[in-house]
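Step one of this worksheet: look at the structure below.
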Amino acid sequence: MLLVVEQLLNGLQFGITLFLMSAGLTLVFGIMQVINLAHGSFYMIGAYVGATVTVYTGSFLLGIAAALPASAVCGMVVEIIVLRKLYNREHLDQVLATFGLIMFFNELTRIIWGRQPLFMDVPPWLSGNIELLPGLFYPTYRLAVIGVGILVALVLWLIFSRTRIGMQIRAGASNRDMIGALGVNIKLLYTLVFGMGTALAGLAGVMAGPILAVESGMGESILILTFVVIVIGGIGSIRGAVAGALLVGLVDTMGRAFLPALFRFLFDSATADSAAASLSSMAIYILMAAILVWKPKGLFPAHS
Amino acid sequence: MKKIGLTLLLLFTIVQLSTAATLKIGMVTTLSTKAGYLGEDIRDGFALAIEQGAGTLGGIPVELMVEDDGRKPEKGKQIAERFIKKEKAHILTGIVFSNVAMAVVPKVVRQNVVYLSTNAAPSKLAGKGCNPNYFSVSYQNDNLDEVVGQYVTEAGHKTAYLIAPNYPAGKDHLAGFKRFYTGKIVGEVYTKLGQSDYAAEIAALRAAKPEAVFFFLPGGMGINFLKQYAQAGLSKEIPVYGPAFSFDERILKAVGPAALGVKNGSQWTHDLDNAANVEFVKAYQEKYGRMPTLYAAQGYDTARLIGSALKAVKGNIEDLDAFKAELKKADFASVRGNFSFGVNQHPVQDVYIREVIETENGGYTNKTVKKVFSNHIDAYAAECKM
Amino acid sequence: MNPLFRKYVCIAAVALLLAILPIAASMLGQEYYISLFSRILIYAIAAVSLDLLLGFSGMISLGHAAFVGIGSYVVGIFFYHSAEMEPLLTHPFTVQGSENGLIVIPLAVLVSAIFALVIGALSLRTKGMHFIMITLAFAQMIYYFFVSLEKYGGDDGLSLYARSTLPGLDLGNDLQFYYLCLLLLSLFLLFTTRLVASPFGIVIRGCSNNERRINALGINAYGYKLACFVIAGAGAGLAGALLANQTEYVSPGLMHWTLSGELMVMVLLGGLGTLFGPVLGAAAFLLLEEFLAMYTEHWMLYLGPFLILVVIFAKRGLYGVLVGGGKDHG
């Protein structure tokens, strides 16, 4: 039973990392109608800058403090130079241009930081385990990730529901011509929103740094999952991103954790291992296809 | 269009300039993707040997052509074809990954070209699929797992838990471990290829309470697993073992203290005490400013093996059979000490257990703990009819 | 110059160039280019089939490589069973492996078409961004399925050891193989140009512009789009079957989403919605990749921004540069 609780926590934690990535992407898509495949690159930039600064200064917090503006600035520069020219284009053009950006950023990090993965450790004050229930130990750092994710969700909700800029963003999402006519500087607003989205990706990257390998191309593996999340949740909706991220995190983790045992009841062990492993790799894609067939616009579509 | 024209023009100039009477060696390797550093080390090790010979191998001037396969089998095949048909190379080498090797090698060796493996050595090419034109200078894929299986048995761990990605190489590597491990396997888990989060697997592992954990997770997957394993506080409770692939000096830099004290299997370590190795480690560090890895050692050995054979045939490889006969003698000073070829032209060599330690300047490296196998022959040699 | 005339001149020039290329290459002792260009022709078939989706019917599929992969696996699996002398299926009826190109190549096309029918039928319930992602999801499922399919090599793939057999032809001969690819590409281009000019094509283009209007005319847009998706899938399957023969190797890498992305790049580089353009695009992309990689190891650093520039400035791609004029529907 404790194992089930622990695996649920693992699923929750994985889901929250996905949420940090998805929130930025779904905002950008919902407001600017732009598909940004390069979102994973900003996650990578966050992780690289964070790891470098953390190792150099010895402070994880300084690492975060450097990673956020770095990915935000990179994001805004990319928005001004490339994406701005693509707002009125078809999705196809956006997919291709941002595909080019992925190639560029992956190679650039390889040139700047070399081919080998970087090191980044859990800060001492977050290392170790906490006993949540008798007999259930959970890594402190992963709890911290859960905490940060919840905090970000709250802050985003506050910004959107309580502030002027949040109102403008929501208005921009539903009718961009109208809000332009009302005298809001759309260009600046878009650049800011984009920077905010990439900063969130950078935050996800730097938070993942101590758990994962910081390496060139690390963005793509999470990018696809992120897209799965926002498509399941409904594009442009923060609420959808939360729901989608948790669903994907739980389904993926629970599938990996319990499918092998389940299959061992049904088949002999060699077949069971293989079948369970391949099914759990496919689980989230099956989930996504099923949800889209059932609800073609995702669970919580933004403009319904 | 202009860009293509310009590139073409440049290319033809390069081709024109390099038509001197040097022997061409084609290296198909992985320089991009996450695994790019593996190919980089193989290339650098190989290039070091050429540099030490002042542009020659065994006194024969050589030209090393290196190209990135991007870890794509199909692309590797295309590059190999160009090296053979366009550059007329008779010696190919360098592939890092088994899947690229499986695509490239069977076709290449049918075309009167010698292929020397600097890393990947899948079981299919060691047994029934062996070929007189194919040499593995590194190992047979399972060797480094077999040694760990033997060592874990000797260490008295009665139960073990195994983890590998869900693809053929993963199954091969676990099979290698199981071939020499006599205890009980309490769990065998296959994860998604390229998976980054192992929290679920680690929780299941903890619940199974094994005495030892064996994992084969190459590249970033291994970094992720080791860090998360240590963070879960398990590294103090259940010892973890693996083949050298997750413990090379460059990965260790990224794993940090999480790998400290982990025992792993390898056919080479920088502290092996033989003259060739001492010279290699020193020269490599001077030239590239980093510790050599086993991949670099494999690249270096391959180059020197080629050199020994070229010297014996005086650079004449038109008679390919004579050249192959010289290669098979393995008459060179390997950085591994003992080295010869078995019937299937895979190494017969000593295999060691080594341990991850901290260096004086705060880095991490391996030190040799024990020679477990002497003159070890791989399990597939018997199936090879050559 | 009259644009139509200019177009025919360009097409004729490219066709002539492709026809004499192997002869020139043999004369210059550069046989390598024959196999490089065989590969280009095969990718061109895949890119043209993708252009049917991207350029004409407005369906942006990021999973097109799945059909290439399925086509190549049909050839690979039949070859494997033929070489191992082991029946492919024993129940409910016996199916033997085969190396006969007359059997396996059409079969590869058929199986890809069936997969396209199923995937398309489900995916077409969605639109826009969701369609992009659901096609990607199906491709990923198929990718992971083949990665863990141990019997056929999983991630290591299958080596074929020889090419398919065709009566009267020796496909092992690069020259004959090249002309087979050229013939099939020409036939496929002929078929697709006729297709998009037919009433079917007009409806398909209408769906791309305004699906609601098409439905209002009493035409079932869904059925037309599905048919188009199946045809494109079948074309990709053909390319896959040829690719398996060209490389004598199949692997799940052929279904990876980055290959779908590269096919898209070829279409765009050549000219969206032009059918002939993607042939140029495939050639340009593969040559660029080949030569940039020889010139610098960091070729992606240049190819990436180059792509962005093409997207932003050269909307009609190479075809537009050569032929000029606006979007051309064959």
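If you're wondering about the labels, chains in the structure tokens are A, B, ... by order shown, residues count from 1 in each chain, ligands from 1 in order shown.
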
Select residues of chain A: the criterion is any atom within 9 Å of an atom of chain B, counting only C-alpha atoms; output as an NGL selection string.
-> :A and (3 or 6-7 or 10-11 or 14 or 106-107 or 110 or 114-122 or 127-129 or 137-141 or 210-218 or 221-222 or 253-254 or 256-258 or 260 or 273-274 or 276-278 or 280-281)

Name the residues in contact with Val310 of chain C at a cut-off of 10 Å, using only C-alpha atoms, excluding same-chain residues fewer than 4 positions from it; report them as a VMD selection string.
-> (chain A and resid 93 96 to 97) or (chain C and resid 265 268 to 270 305 to 306 314 to 318)

Write out as a Markdown table the residues of chain A that have any atom within 8 Å of an atom of chain C, one row each with the nearest atom pair and its distance in Å to one decimal, counting only C-alpha atoms, sorted by chain and then rising number.
```
| residue | atom | partner | partner_atom | distance |
| --- | --- | --- | --- | --- |
| A:Ile35 | CA | C:Met129 | CA | 7.9 |
| A:Val82 | CA | C:Ile308 | CA | 7.7 |
| A:Lys85 | CA | C:Ile312 | CA | 7.0 |
| A:Leu86 | CA | C:Ile312 | CA | 7.4 |
| A:His91 | CA | C:Met129 | CA | 7.6 |
| A:Leu92 | CA | C:Ile60 | CA | 6.7 |
| A:Asp93 | CA | C:Val311 | CA | 6.0 |
| A:Leu96 | CA | C:Val265 | CA | 6.5 |
| A:Ala97 | CA | C:Ile308 | CA | 4.6 |
| A:Thr98 | CA | C:Ile308 | CA | 7.6 |
| A:Phe99 | CA | C:Gly261 | CA | 7.4 |
| A:Gly100 | CA | C:Gly304 | CA | 3.9 |
| A:Leu101 | CA | C:Gly304 | CA | 5.8 |
| A:Ile102 | CA | C:Gly304 | CA | 7.4 |
| A:Met103 | CA | C:Gly304 | CA | 5.2 |
| A:Phe104 | CA | C:Leu301 | CA | 4.7 |
| A:Phe105 | CA | C:Leu301 | CA | 7.6 |
| A:Glu107 | CA | C:Leu301 | CA | 5.5 |
| A:Leu108 | CA | C:Leu301 | CA | 6.6 |
| A:Phe227 | CA | C:Met133 | CA | 7.2 |
| A:Val228 | CA | C:Met133 | CA | 7.2 |
| A:Val231 | CA | C:His130 | CA | 6.3 |
| A:Ser274 | CA | C:Ser148 | CA | 7.1 |
| A:Ala277 | CA | C:Ser148 | CA | 7.8 |
| A:Ser278 | CA | C:Ser148 | CA | 5.8 |
| A:Leu279 | CA | C:Phe145 | CA | 8.0 |
| A:Ser281 | CA | C:Tyr144 | CA | 6.5 |
| A:Met282 | CA | C:Met141 | CA | 5.2 |
| A:Tyr285 | CA | C:Ala137 | CA | 5.1 |
| A:Ile286 | CA | C:Met141 | CA | 7.3 |
| A:Met288 | CA | C:Ala137 | CA | 7.2 |
| A:Ala289 | CA | C:Ile134 | CA | 6.0 |
| A:Leu292 | CA | C:Thr126 | CA | 7.0 |
| A:Val293 | CA | C:Leu122 | CA | 6.2 |
| A:Pro296 | CA | C:Thr126 | CA | 4.9 |
| A:Lys297 | CA | C:His130 | CA | 7.0 |
```

For the contact check between chain B and chain C, emit one row per residue of chain B within 10 Å, containing the shortest atom pair and the distance in Å rounded to one decimal, counting only C-alpha atoms, chain then rising number order, as a tab-separated table.
```
residue	atom	partner	partner_atom	distance
B:Met1	CA	C:Leu318	CA	8.2
B:Lys3	CA	C:Leu288	CA	8.9
B:Ile4	CA	C:Leu288	CA	6.7
B:Thr7	CA	C:Phe291	CA	6.8
B:Leu8	CA	C:Phe291	CA	7.4
B:Leu10	CA	C:Tyr295	CA	8.5
B:Leu11	CA	C:Tyr295	CA	7.6
B:Ile14	CA	C:Tyr295	CA	9.5
B:Leu31	CA	C:Glu297	CA	7.7
B:Ser32	CA	C:Glu297	CA	8.2
B:Met65	CA	C:Met294	CA	9.2
B:Val66	CA	C:Met294	CA	8.5
B:Glu67	CA	C:Met294	CA	6.9
B:Asp68	CA	C:Glu297	CA	7.1
B:Asp69	CA	C:Ala293	CA	9.5
B:Arg71	CA	C:Gly253	CA	9.4
B:Lys72	CA	C:Gly253	CA	6.8
B:Pro73	CA	C:Gly253	CA	7.7
B:Glu74	CA	C:Thr247	CA	6.7
B:Lys75	CA	C:Thr247	CA	9.4
B:Lys77	CA	C:Thr247	CA	7.1
B:Gln78	CA	C:Leu36	CA	7.6
B:Ile79	CA	C:Glu290	CA	8.6
B:Glu81	CA	C:Tyr32	CA	7.1
B:Arg82	CA	C:Tyr32	CA	5.9
B:Phe83	CA	C:Tyr32	CA	9.0
B:Ile84	CA	C:Tyr32	CA	8.5
B:Lys85	CA	C:Tyr32	CA	5.3
B:Lys86	CA	C:Tyr32	CA	5.7
B:Glu87	CA	C:Tyr32	CA	9.3
B:Phe97	CA	C:Asp156	CA	9.1
B:Ser98	CA	C:Asp156	CA	6.5
B:Asn99	CA	C:Asp156	CA	4.0
B:Val100	CA	C:Asp156	CA	7.6
B:Ala101	CA	C:Asp156	CA	8.7
B:Met102	CA	C:Asp156	CA	6.6
B:Ala103	CA	C:Tyr249	CA	5.9
B:Val104	CA	C:Tyr249	CA	8.8
B:Val105	CA	C:Ser159	CA	9.7
B:Pro106	CA	C:Tyr161	CA	7.2
B:Lys107	CA	C:Tyr161	CA	7.0
B:Arg110	CA	C:Tyr161	CA	9.5
B:Pro122	CA	C:Asp156	CA	9.3
B:Pro165	CA	C:Ser148	CA	9.5
B:Asn166	CA	C:Ser148	CA	5.9
B:Tyr167	CA	C:Ser148	CA	5.5
B:Pro168	CA	C:Gly154	CA	6.0
B:Ala169	CA	C:Asp156	CA	7.7
B:Lys171	CA	C:Glu150	CA	9.3
B:Tyr190	CA	C:Ser148	CA	9.8
B:Lys192	CA	C:Tyr144	CA	8.4
B:Leu193	CA	C:Val147	CA	8.3
```

Neighbour list for Ser22 of chain A as a ChimeraX atom specification, cut-off 7 Å, only C-alpha atoms, skip fewer than 3 positions in-chain = /A:18-19,25-26,226,229-230,241

Contacts of segment 262-269 of chain B within 6 Å, only C-alpha atoms, excl. fewer than 4 positions in-chain, as an MDAnalysis selection string = chainID B and resid 144 147:148 241:244 336 351:356

Using DSSP on the backbone coordinates, identify the residues of segment 40-257 of chain C assigned to strand (DSSP E or B); present them as a PyMOL selection string.
-> chain C and resi 89+95+100+158-159+165-166+169+249-250

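Across the model, the gap from atom CA of Ser123 of chain B to atom CA of Leu310 of chain B is 28.2 Å.
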
Test item: residues at most 6 Å from segment 65-80 of chain C, only C-alpha atoms, excluding those fewer than 2 positions along its chain, as number ranges by chain | C: 63, 82-83, 97-99, 104, 108, 112, 139, 233, 236-237, 240-241, 244, 254-255, 259-260

What is the atom CA of Leu102 of chain C-atom CA of Thr165 of chain C distance in Å, reported with one decimal?
->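 Interatomic distance, atom CA of Leu102 of chain C to atom CA of Thr165 of chain C: 8.0 Å.
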